[in-house]
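J.: One file is attached below, work-v3.cif, containing mmCIF, C-alpha atoms.
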data_query
loop_
_atom_site.label_atom_id
_atom_site.label_comp_id
_atom_site.auth_asym_id
_atom_site.auth_seq_id
_atom_site.Cartn_x
_atom_site.Cartn_y
_atom_site.Cartn_z
CA MET A 1 -42.62 9.79 -32.83
CA GLN A 2 -41.46 13.37 -33.34
CA ALA A 3 -43.50 16.46 -32.52
CA ARG A 4 -42.96 20.16 -33.09
CA CYS A 5 -43.88 22.71 -30.42
CA PRO A 6 -45.96 25.55 -31.97
CA HIS A 7 -44.64 27.98 -29.32
CA CYS A 8 -40.87 27.53 -29.60
CA SER A 9 -40.65 25.41 -32.79
CA ASN A 10 -38.57 22.85 -30.93
CA VAL A 11 -38.76 19.31 -32.36
CA PHE A 12 -38.73 16.58 -29.72
CA ASN A 13 -39.39 12.87 -29.35
CA THR A 14 -42.49 11.67 -27.56
CA ASP A 15 -44.03 8.26 -27.10
CA ARG A 16 -47.67 9.39 -27.09
CA ALA A 17 -50.14 11.75 -28.75
CA GLY A 18 -52.37 14.22 -26.94
CA ILE A 19 -51.86 17.21 -24.69
CA GLN A 20 -48.49 17.37 -22.94
CA PHE A 21 -45.78 19.83 -21.99
CA CYS A 22 -43.02 20.86 -24.39
CA PRO A 23 -39.71 19.71 -22.82
CA ASN A 24 -38.01 22.84 -24.18
CA CYS A 25 -40.27 25.75 -23.27
CA GLY A 26 -42.65 24.02 -20.88
CA GLN A 27 -45.77 25.21 -22.75
CA GLN A 28 -48.79 22.97 -22.99
CA ILE A 29 -49.21 21.56 -26.50
CA ASN A 30 -51.43 19.11 -28.31
CA VAL A 31 -49.52 16.44 -30.23
CA PRO A 32 -51.76 15.00 -32.97
CA ASP A 33 -52.00 11.28 -33.37
CA PRO A 34 -50.38 10.35 -36.70
CA ALA A 35 -52.60 7.28 -37.10
CA GLY A 36 -55.74 9.27 -36.43
CA ALA A 37 -56.54 7.00 -33.54
CA ALA A 38 -58.42 8.00 -30.46
CA PRO A 39 -56.62 10.28 -28.01
CA PRO A 40 -54.85 8.77 -25.04
CA PRO A 41 -57.00 7.80 -22.08
CA PRO A 42 -57.88 10.56 -19.65
CA PRO A 43 -55.85 10.97 -16.48
CA PRO A 44 -56.94 8.99 -13.46
CA PRO A 45 -59.80 10.60 -11.55
CA SER A 46 -58.65 12.98 -8.91
CA GLY A 47 -59.94 13.59 -5.45
CA PHE A 48 -61.64 16.71 -6.75
CA PRO A 49 -64.48 16.40 -9.24
CA GLY A 50 -63.37 19.56 -10.97
CA GLY A 51 -59.85 18.31 -11.53
CA THR A 52 -56.61 18.91 -9.77
CA GLY A 53 -55.52 22.29 -8.61
CA GLY A 54 -52.31 22.50 -10.55
CA PRO A 55 -51.60 22.47 -14.24
CA GLY A 56 -51.65 18.72 -14.45
CA ALA A 57 -52.74 16.55 -17.35
CA PRO A 58 -55.57 18.26 -19.25
CA GLY A 59 -58.85 16.50 -19.83
CA PRO A 60 -59.78 14.74 -23.05
CA ASN A 61 -62.27 17.45 -24.04
CA ALA A 62 -59.41 19.80 -24.80
CA LEU A 63 -58.43 17.59 -27.72
CA SER A 64 -61.74 17.84 -29.53
CA ARG A 65 -61.79 21.64 -29.61
CA GLY A 66 -61.11 23.83 -32.61
CA SER A 67 -60.13 27.42 -33.14
CA VAL A 68 -62.65 30.19 -32.52
CA PRO A 69 -63.52 32.66 -35.33
CA TRP A 70 -61.02 35.29 -34.14
CA GLU A 71 -58.24 32.74 -34.53
CA GLU A 72 -59.28 32.15 -38.15
CA ARG A 73 -58.54 35.72 -39.20
CA GLY A 74 -56.54 34.46 -42.15
CA GLN A 75 -59.65 32.97 -43.74
CA LEU A 76 -62.41 35.27 -42.40
CA GLY A 77 -60.59 38.60 -42.47
CA VAL A 78 -59.97 40.73 -39.38
CA PHE A 79 -63.35 42.49 -39.30
CA GLY A 80 -65.37 39.38 -40.16
CA ALA A 81 -63.49 37.27 -37.64
CA PHE A 82 -63.87 39.90 -34.94
CA PHE A 83 -67.60 40.31 -35.55
CA GLU A 84 -68.23 36.56 -35.70
CA ASN A 85 -66.18 36.00 -32.55
CA TRP A 86 -67.90 38.81 -30.67
CA LYS A 87 -71.33 37.55 -31.73
CA MET A 88 -70.46 34.02 -30.63
CA VAL A 89 -69.09 35.05 -27.22
CA PHE A 90 -72.03 37.36 -26.60
CA MET A 91 -74.91 35.31 -28.02
CA GLN A 92 -73.69 31.70 -27.88
CA PRO A 93 -71.26 31.49 -24.98
CA GLU A 94 -71.79 27.77 -24.42
CA GLN A 95 -70.77 26.93 -27.99
CA PHE A 96 -67.92 29.41 -27.85
CA TRP A 97 -66.38 28.12 -24.63
CA ARG A 98 -66.77 24.50 -25.70
CA ARG A 99 -64.98 25.34 -28.95
CA MET A 100 -62.14 27.45 -27.50
CA ARG A 101 -58.88 25.60 -27.09
CA PRO A 102 -57.33 26.09 -23.64
CA ASP A 103 -53.82 25.79 -25.09
CA GLY A 104 -54.27 28.37 -27.85
CA ALA A 105 -52.27 31.58 -28.08
CA LEU A 106 -52.74 34.00 -25.19
CA SER A 107 -52.09 36.92 -27.55
CA ASP A 108 -55.24 36.18 -29.59
CA ALA A 109 -57.49 36.61 -26.56
CA LEU A 110 -55.50 39.62 -25.38
CA PHE A 111 -55.87 41.45 -28.69
CA PHE A 112 -59.57 40.58 -28.91
CA GLY A 113 -60.21 41.97 -25.44
CA TRP A 114 -58.01 44.98 -26.19
CA ILE A 115 -60.07 45.87 -29.27
CA CYS A 116 -63.33 45.55 -27.30
CA PHE A 117 -61.90 47.74 -24.54
CA ALA A 118 -60.54 50.31 -27.00
CA VAL A 119 -63.82 50.56 -28.95
CA ASN A 120 -65.66 51.12 -25.67
CA GLY A 121 -63.12 53.75 -24.60
CA LEU A 122 -63.32 55.71 -27.82
CA LEU A 123 -67.12 55.65 -27.88
CA ASN A 124 -67.17 56.54 -24.18
CA ILE A 125 -65.21 59.80 -24.53
CA PRO A 126 -68.03 61.92 -26.07
CA VAL A 127 -70.58 60.38 -23.71
CA GLN A 128 -68.41 61.22 -20.70
CA LEU A 129 -67.78 64.79 -21.89
CA VAL A 130 -71.51 65.42 -22.36
CA SER A 131 -72.25 63.81 -19.00
CA MET A 132 -69.63 65.96 -17.26
CA ALA A 133 -71.01 69.13 -18.86
CA ILE A 134 -74.47 68.27 -17.58
CA ASN A 135 -73.24 67.38 -14.07
CA ARG A 136 -70.69 70.21 -13.72
CA GLY A 137 -72.58 71.73 -10.79
CA GLN A 138 -72.51 68.54 -8.76
CA VAL A 139 -68.78 68.05 -9.45
CA ASP A 140 -68.05 71.59 -8.23
CA GLN A 141 -70.03 70.89 -5.06
CA LEU A 142 -68.08 67.66 -4.58
CA ILE A 143 -64.80 69.57 -4.87
CA ASN A 144 -66.07 72.19 -2.41
CA ALA A 145 -67.00 69.40 0.01
CA THR A 146 -63.29 68.45 0.24
CA LYS A 147 -62.28 71.76 1.84
CA ASP A 148 -62.44 70.28 5.35
CA LEU A 149 -60.00 67.49 4.50
CA PRO A 150 -56.27 67.65 5.33
CA PRO A 151 -54.36 69.56 2.59
CA GLU A 152 -52.48 66.54 1.25
CA VAL A 153 -55.60 64.38 1.06
CA ARG A 154 -57.59 67.27 -0.46
CA ARG A 155 -54.96 67.65 -3.16
CA ILE A 156 -55.14 63.93 -4.02
CA VAL A 157 -58.95 63.87 -4.07
CA GLN A 158 -59.11 67.00 -6.23
CA GLN A 159 -56.53 65.56 -8.61
CA TYR A 160 -58.58 62.35 -8.79
CA ILE A 161 -61.78 64.27 -9.53
CA GLY A 162 -59.89 66.44 -12.04
CA VAL A 163 -58.59 63.43 -13.93
CA PHE A 164 -62.07 62.06 -14.43
CA THR A 165 -63.70 65.34 -15.42
CA GLY A 166 -63.32 67.50 -18.51
CA ALA A 167 -60.20 67.02 -20.60
CA GLY A 168 -58.82 64.58 -18.04
CA THR A 169 -61.43 62.09 -19.23
CA VAL A 170 -59.70 61.74 -22.58
CA GLY A 171 -56.32 61.15 -20.94
CA ALA A 172 -57.78 58.65 -18.48
CA VAL A 173 -59.49 56.67 -21.24
CA ILE A 174 -56.36 56.61 -23.41
CA GLY A 175 -54.31 55.59 -20.37
CA GLN A 176 -56.71 52.73 -19.63
CA ILE A 177 -56.52 51.57 -23.25
CA ILE A 178 -52.71 51.61 -23.19
CA LEU A 179 -52.64 49.80 -19.87
CA TYR A 180 -55.17 47.16 -20.96
CA PRO A 181 -52.62 44.32 -21.40
CA VAL A 182 -51.34 44.87 -17.86
CA ILE A 183 -54.90 45.02 -16.49
CA MET A 184 -55.81 41.82 -18.31
CA ILE A 185 -52.74 39.89 -17.18
CA VAL A 186 -53.18 41.05 -13.57
CA THR A 187 -56.85 40.03 -13.67
CA ALA A 188 -55.92 36.64 -15.13
CA ALA A 189 -53.18 36.11 -12.53
CA ILE A 190 -55.50 36.83 -9.60
CA LEU A 191 -58.28 34.73 -11.11
CA HIS A 192 -55.92 31.82 -11.77
CA LEU A 193 -54.55 32.02 -8.23
CA PHE A 194 -58.06 31.57 -6.86
CA ALA A 195 -58.80 28.95 -9.53
CA MET A 196 -55.84 26.96 -8.16
CA ILE A 197 -57.12 27.33 -4.62
CA PHE A 198 -60.56 26.06 -5.63
CA GLY A 199 -59.22 23.27 -7.85
CA ALA A 200 -60.27 24.84 -11.14
CA SER A 201 -56.94 25.17 -12.91
CA LYS A 202 -56.62 21.88 -14.73
CA ASN A 203 -55.57 23.33 -18.09
CA GLY A 204 -53.15 25.93 -16.77
CA PHE A 205 -52.77 29.70 -16.73
CA ASN A 206 -53.06 30.04 -20.49
CA ALA A 207 -56.65 28.81 -20.42
CA THR A 208 -57.60 31.25 -17.65
CA ALA A 209 -55.96 34.18 -19.43
CA ARG A 210 -57.77 33.32 -22.66
CA VAL A 211 -61.08 33.21 -20.79
CA VAL A 212 -60.38 36.65 -19.29
CA GLY A 213 -59.52 38.12 -22.70
CA TYR A 214 -62.51 36.75 -24.58
CA SER A 215 -64.84 37.53 -21.65
CA ASN A 216 -64.28 41.24 -22.26
CA ALA A 217 -66.57 41.11 -25.30
CA PRO A 218 -69.49 42.82 -23.46
CA TYR A 219 -67.28 45.88 -22.83
CA ILE A 220 -67.89 46.93 -26.42
CA LEU A 221 -71.34 48.04 -25.21
CA ALA A 222 -70.23 49.56 -21.89
CA TRP A 223 -70.29 53.10 -23.33
CA ILE A 224 -74.11 53.05 -23.61
CA PRO A 225 -75.32 55.61 -21.05
CA CYS A 226 -77.05 54.43 -17.88
CA CYS A 227 -77.26 50.67 -18.51
CA GLY A 228 -74.05 49.88 -20.44
CA GLY A 229 -71.65 50.49 -17.58
CA LEU A 230 -73.75 48.29 -15.32
CA ILE A 231 -74.62 45.41 -17.64
CA ALA A 232 -71.19 44.95 -19.27
CA PRO A 233 -69.23 44.18 -16.06
CA ILE A 234 -71.96 41.86 -14.79
CA TYR A 235 -72.14 39.93 -18.06
CA THR A 236 -68.34 39.81 -18.15
CA VAL A 237 -68.33 38.11 -14.74
CA VAL A 238 -70.99 35.66 -15.97
CA LEU A 239 -68.87 34.89 -19.04
CA GLN A 240 -65.78 34.43 -16.87
CA CYS A 241 -67.59 31.90 -14.68
CA TRP A 242 -68.97 30.11 -17.73
CA GLY A 243 -65.67 30.19 -19.61
CA LEU A 244 -63.58 29.08 -16.65
CA ALA A 245 -65.85 26.09 -16.08
CA ARG A 246 -65.52 25.02 -19.72
CA ALA A 247 -61.88 25.94 -20.35
CA GLN A 248 -60.62 24.36 -17.12
CA GLU A 249 -63.07 21.45 -17.40
CA THR A 250 -64.33 21.97 -13.90
CA THR A 251 -67.69 22.37 -12.20
CA THR A 252 -69.63 25.61 -12.41
CA THR A 253 -69.56 25.91 -8.62
CA ARG A 254 -65.76 25.89 -8.51
CA ALA A 255 -65.56 28.36 -11.39
CA VAL A 256 -68.04 30.73 -9.72
CA LEU A 257 -66.13 30.52 -6.43
CA ALA A 258 -62.83 31.26 -8.18
CA VAL A 259 -64.27 34.26 -10.04
CA LEU A 260 -66.19 35.76 -7.12
CA ALA A 261 -63.73 35.10 -4.27
CA PRO A 262 -61.40 38.05 -5.11
CA GLY A 263 -64.42 40.34 -5.25
CA ILE A 264 -65.70 39.04 -1.92
CA LEU A 265 -62.24 39.57 -0.40
CA LEU A 266 -62.26 43.16 -1.62
CA CYS A 267 -65.92 43.62 -0.68
CA CYS A 268 -65.14 45.68 2.40
CA CYS A 269 -63.18 48.24 0.44
CA ILE A 270 -65.77 48.36 -2.31
CA VAL A 271 -68.64 48.75 0.15
CA GLY A 272 -66.71 51.47 1.95
CA LEU A 273 -65.98 53.26 -1.31
CA ILE A 274 -69.63 53.14 -2.42
CA ALA A 275 -70.80 54.31 1.01
CA VAL A 276 -68.48 57.31 0.99
CA ILE A 277 -69.27 58.25 -2.63
CA ALA A 278 -72.99 57.96 -1.88
CA GLY A 279 -72.48 60.02 1.27
CA ALA A 280 -70.55 62.69 -0.61
CA ALA A 281 -73.17 62.78 -3.37
CA GLY A 282 -75.90 63.03 -0.75
CA ALA A 283 -74.05 65.82 1.04
CA ALA A 284 -73.55 67.65 -2.26
CA ALA A 285 -77.23 67.24 -3.13
CA GLY A 286 -78.18 68.45 0.34
CA ALA A 287 -75.89 71.46 0.01
CA GLY A 288 -77.43 72.23 -3.39
CA ALA A 289 -80.93 72.02 -1.96
CA THR A 290 -80.15 74.44 0.86
CA GLN A 291 -78.65 77.07 -1.49
CA MET B 292 -44.87 16.22 -6.35
CA ARG B 293 -43.25 16.37 -9.75
CA ALA B 294 -40.92 19.17 -10.83
CA HIS B 295 -39.59 19.77 -14.31
CA TRP B 296 -36.99 22.33 -15.41
CA PRO B 297 -37.50 23.30 -19.05
CA ALA B 298 -34.73 24.67 -21.23
CA PRO B 299 -33.95 28.41 -21.01
CA ASN B 300 -36.85 30.36 -22.49
CA ARG B 301 -38.83 33.59 -22.31
CA VAL B 302 -42.32 32.10 -22.62
CA PHE B 303 -44.77 34.16 -20.55
CA GLY B 304 -46.36 32.04 -17.82
CA PHE B 305 -48.23 32.19 -14.53
CA VAL B 306 -45.23 33.24 -12.42
CA ASP B 307 -44.58 36.11 -14.84
CA ALA B 308 -48.22 37.17 -14.49
CA LEU B 309 -47.85 37.10 -10.70
CA GLY B 310 -44.64 39.10 -11.01
CA LEU B 311 -46.41 41.71 -13.14
CA THR B 312 -49.24 41.82 -10.60
CA GLY B 313 -46.81 42.26 -7.73
CA ALA B 314 -44.86 44.96 -9.53
CA ALA B 315 -48.03 46.89 -10.38
CA GLY B 316 -49.39 46.60 -6.84
CA LEU B 317 -46.15 47.56 -5.12
CA LEU B 318 -45.57 50.50 -7.47
CA VAL B 319 -49.06 51.84 -6.75
CA ALA B 320 -48.54 51.31 -3.02
CA ARG B 321 -45.15 53.03 -3.22
CA PHE B 322 -46.25 56.17 -5.04
CA VAL B 323 -49.98 56.54 -4.25
CA PRO B 324 -50.89 57.00 -0.55
CA VAL B 325 -53.97 54.81 -0.91
CA ALA B 326 -54.32 54.15 2.83
CA ARG B 327 -54.64 57.88 3.53
CA LEU B 328 -57.47 58.49 1.06
CA PRO B 329 -60.65 59.48 2.93
CA PHE B 330 -62.89 56.89 1.26
CA TRP B 331 -60.48 54.00 1.79
CA GLY B 332 -61.00 51.59 4.65
CA CYS B 333 -62.87 48.56 5.84
CA ALA B 334 -66.62 49.14 6.10
CA ILE B 335 -67.02 46.09 8.37
CA ARG B 336 -64.43 47.37 10.81
CA ARG B 337 -65.85 50.89 10.67
CA THR B 338 -69.37 49.65 11.34
CA THR B 339 -68.83 46.81 13.81
CA GLY B 340 -65.40 47.55 15.24
CA TRP B 341 -64.29 44.06 14.30
CA PRO B 342 -61.73 43.58 11.49
CA CYS B 343 -62.37 41.50 8.38
CA PRO B 344 -59.83 38.84 7.27
CA GLY B 345 -58.37 41.29 4.74
CA CYS B 346 -57.90 44.16 7.18
CA GLY B 347 -54.40 45.58 7.04
CA LEU B 348 -53.59 44.52 3.48
CA THR B 349 -53.40 48.11 2.22
CA ARG B 350 -50.99 48.95 5.05
CA VAL B 351 -49.01 45.80 4.23
CA ALA B 352 -48.62 46.88 0.60
CA ASP B 353 -47.75 50.43 1.66
CA ARG B 354 -45.16 49.32 4.25
CA MET B 355 -43.65 46.52 2.16
CA SER B 356 -43.19 48.90 -0.75
CA HIS B 357 -41.20 51.07 1.67
CA PHE B 358 -39.32 47.96 2.92
CA ASN B 359 -40.86 48.28 6.41
CA VAL B 360 -41.27 44.53 6.98
CA ALA B 361 -41.84 44.77 10.75
CA GLY B 362 -44.62 47.32 10.29
CA ALA B 363 -46.22 45.22 7.58
CA TRP B 364 -46.07 42.10 9.79
CA GLU B 365 -47.83 43.99 12.55
CA ALA B 366 -50.66 44.95 10.17
CA ASN B 367 -51.26 41.48 8.67
CA PRO B 368 -48.71 38.62 8.88
CA LEU B 369 -50.17 36.52 6.06
CA GLY B 370 -50.44 39.59 3.87
CA THR B 371 -46.76 40.27 4.56
CA VAL B 372 -45.83 36.75 3.47
CA ALA B 373 -47.98 37.17 0.34
CA ALA B 374 -46.35 40.52 -0.44
CA ALA B 375 -42.90 38.97 0.05
CA LEU B 376 -43.85 36.15 -2.34
CA PHE B 377 -45.03 38.73 -4.87
CA MET B 378 -41.61 40.40 -4.54
CA VAL B 379 -39.95 37.05 -5.21
CA ALA B 380 -42.22 36.65 -8.24
CA VAL B 381 -41.14 40.09 -9.49
CA ALA B 382 -37.47 39.07 -9.23
CA ALA B 383 -38.18 35.69 -10.88
CA THR B 384 -40.05 37.39 -13.71
CA VAL B 385 -37.16 39.76 -14.37
CA LEU B 386 -34.72 36.83 -14.42
CA HIS B 387 -37.04 34.80 -16.66
CA LEU B 388 -37.92 37.47 -19.19
CA ALA B 389 -34.58 39.26 -19.26
CA PHE B 390 -32.11 36.39 -18.89
CA LYS B 391 -34.17 33.38 -20.05
CA VAL B 392 -33.89 31.70 -16.64
CA PRO B 393 -36.39 28.81 -16.83
CA MET B 394 -39.30 28.57 -14.42
CA PRO B 395 -39.75 25.17 -12.78
CA GLN B 396 -42.97 23.37 -13.74
CA VAL B 397 -44.31 21.89 -10.51
CA SER B 398 -47.32 19.61 -10.44
CA LEU B 399 -48.89 18.18 -7.31
CA THR B 400 -50.98 15.08 -6.90
CA PRO B 401 -54.62 15.52 -5.85
CA ARG B 402 -53.72 14.39 -2.36
CA GLU B 403 -50.91 16.93 -2.10
CA TRP B 404 -53.27 19.65 -3.34
CA TYR B 405 -55.75 18.64 -0.67
CA TRP B 406 -53.17 19.16 2.07
CA VAL B 407 -52.03 22.44 0.52
CA ARG B 408 -55.61 23.71 0.70
CA VAL B 409 -56.05 22.47 4.28
CA ALA B 410 -52.82 24.19 5.31
CA LEU B 411 -53.89 27.39 3.54
CA ALA B 412 -57.27 27.36 5.30
CA VAL B 413 -55.57 26.85 8.68
CA VAL B 414 -53.08 29.65 8.01
CA VAL B 415 -55.90 32.03 6.98
CA VAL B 416 -57.83 31.26 10.19
CA VAL B 417 -54.74 31.65 12.40
CA ASN B 418 -53.87 34.92 10.64
CA TYR B 419 -57.41 36.23 11.15
CA GLY B 420 -57.14 35.31 14.80
CA PHE B 421 -53.95 37.35 15.06
CA VAL B 422 -55.58 40.33 13.31
CA VAL B 423 -58.60 40.17 15.65
CA VAL B 424 -56.44 39.92 18.77
CA HIS B 425 -54.14 42.69 17.55
CA THR B 426 -57.08 44.97 16.81
CA ARG B 427 -59.49 44.19 19.63
CA PHE B 428 -57.34 42.79 22.43
CA PRO B 429 -53.85 44.24 21.94
CA TRP B 430 -52.98 43.78 25.62
CA LEU B 431 -52.95 40.01 25.07
CA LEU B 432 -50.03 40.39 22.65
CA ALA B 433 -48.30 42.96 24.84
CA GLY B 434 -48.23 40.50 27.73
#
Represent the structure contained in this file as structure tokens.
T.:
Amino acid sequence: MQARCPHCSNVFNTDRAGIQFCPNCGQQINVPDPAGAAPPPPPPPSGFPGGTGGPGAPGPNALSRGSVPWEERGQLGVFGAFFENWKMVFMQPEQFWRRMRPDGALSDALFFGWICFAVNGLLNIPVQLVSMAINRGQVDQLINATKDLPPEVRRIVQQYIGVFTGAGTVGAVIGQIILYPVIMIVTAAILHLFAMIFGASKNGFNATARVVGYSNAPYILAWIPCCGGLIAPIYTVVLQCWGLARAQETTTTRAVLAVLAPGILLCCCIVGLIAVIAGAAGAAAGAGATQ
Amino acid sequence: MRAHWPAPNRVFGFVDALGLTGAAGLLVARFVPVARLPFWGCAIRRTTGWPCPGCGLTRVADRMSHFNVAGAWEANPLGTVAAALFMVAVAATVLHLAFKVPMPQVSLTPREWYWVRVALAVVVVVNYGFVVVHTRFPWLLAG
């Protein structure tokens, strides 16, 4: 029978229905069965319960999925589709991830995550400006604490502090919003690399990238002072673990390992960074107390 | 192992994502002296004196972005190989997205994946051994 690739529009001959690779562009596609019969049998069981490491034959569950609300913008409207999608990711992640097609368009997830990130950024600007005005004294003390550093390092640290205070906040937020697609793709690439290592990449890079994009839904609340910036990243990680397990049809353990391994690898740097920031804040507070 | 060469295309895939990651990382390492920032460094090494498996990766990125391969190898050999592979991915991405050069689709059997993971684990352990010896017992390498 003949099938048309939705990615490159190439028409090709195939002898079976189900998920397979387009011989023209190499993208993973789902060829519907013209007789409406059951999908082809699943691939033989692998040595790994969570599936093979590479983008091999996808599991049968991928066939029974539909499009998520955001991908039905034509019927629901952009705002309705966005709200429904956000609500589903945030409140009903299990249903959402089971419904999301791993071979859907990467751009849909990217734009959804981009909107969430942009809304957070725009709402975050006034909060940051008010916060900086309140904490101006501490920032000045932090800058004064850099006077013992080598000149080149002092210049970099002061530039860094300057970017994230005052008017620099607006530029930094806008820069982050513009760079979001790069950030998302880099995150997806690293996550997929570890997913391959832990045998959680059955449905390919596209599925991982879509999980990363849709997992950014909590960021829409990250602007909320005090708790937002803490809860949103944590819930995003939870959604990534959950989504990766469902989208790649693997075990939760493998998905959690793939999501957390990059963080564990970078743990030393993060711990060091937190220790130094805490030390600097403590030194600034101590200096303030002695004045 | 099964390899498939699709027709020329510009469809964004995993290798392109790795290329973008490599380009971003190497550009940051080239123009931002991250390793010289006062808060940067390994807390484990600072506290215990022993390096962690990722020690030297910042120096690798810094030196590879300045094409100092020997210096990068000295800091972390596996990191140097990874950085070199990222550079290859950058070149492949440019060829793929600019000139439609197709990316091969390679799929491994479960057994082949098993041996890939075993080899990776062995390489990581050997590399960590080198980093520990280089940091704690440099005279062993000098001899």
J.: With all atoms listed in the file as the atoms that count, which of B:Gly316, B:Gly370, B:Gly420, B:Gly362 lies nearest to chain A?
T.: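 For chain A, the nearest of the candidates is B:Gly316.
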J.: May I ask for the distance between atom CA of A:Trp86 and atom CA of A:Phe112, given in Å to one decimal place?
T.: 8.7 Å
J.: If we draw a sphere of 9 Å around (-56.1, 23.2, -2.8), which residues have at least one atom in it when counting all atoms listed in the file? Please report them as a PyMOL selection string.
T.: (chain A and resi 52-54+196-199) or (chain B and resi 401+403-411)
J.: Which one is closest to chain A: B:Met378, B:Val413, B:Ala366, B:Ala315? Count all atoms listed in the file.
T.: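 Smallest distance to chain A is found for B:Ala315.
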J.: So what does the PyMOL selection byres ((chain B) within 8 of (chain A)) actually pick up in this one, as number ranges by chain?
T.: B: 297-300, 302, 304-305, 308-309, 311-312, 327-335, 343, 345, 396, 398-402, 404, 408
J.: Since I can't run it myself right now, could you work out what the PyMOL selection byres ((chain B and resi 382) around 12) selects here and report it as number ranges by chain?
T.: B: 306-307, 309-311, 313-314, 375-381, 383-390, 392, 394
J.: Could you give me, as an NGL selection string, the residues that sit within 9 Å of (-44.1, 9.1, -28.3) in the file's coordinates, counting only C-alpha atoms?
T.: :A and (1-3 or 13-17)
J.: Just checking: using all atoms listed in the file, which residue out of A:Ile161, A:Arg65, A:Thr253, A:Val212 ends up closest to A:Tyr180?
T.: A:Val212
J.: Skip stretch 359-361 of chain B itself and residues of its chain fewer than 5 positions away, then list as a PyMOL selection string all residues within 10 Å of it, counting all atoms listed in the file.
T.: chain B and resi 351-354+366+368+371-372+374-375
J.: What gap, in Å, lies between atom CA of B:Pro395 and atom CA of A:Ser201?
T.: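 Computing it gives 17.2 Å between the two atoms.
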J.: Just how far from atom CA of A:Ala200 is atom CA of A:Thr251, in Å to one decimal?
T.: 7.9 Å
J.: If we count all atoms listed in the file and set the cut-off at 7 Å, which residues sit around A:Ala258, ignoring sequence neighbours fewer than 5 positions away in its own chain? Please answer as a ChimeraX atom specification.
T.: /A:191,194-195,198
J.: Starting from the PyMOL selection byres ((chain A and resi 250) around 8), expand the selection into actual residues of this file and give them as a PyMOL selection string.
T.: chain A and resi 49-51+200+202+244-249+251-252+254-255
J.: Tell me which of A:Leu110, A:Val237, A:Val170, A:Met132 sits closest to A:Trp70, counting only C-alpha atoms.
T.: A:Leu110
J.: Return as lines of an AutoDock Vina configuration file the box centre and box size in Å, one decimal, for an axis-aligned box around all listed atoms of stretch 298-305 of chain B padded by 4 Å per side.
T.:
center_x = -41.1
center_y = 29.4
center_z = -18.6
size_x = 22.3
size_y = 17.5
size_z = 16.1
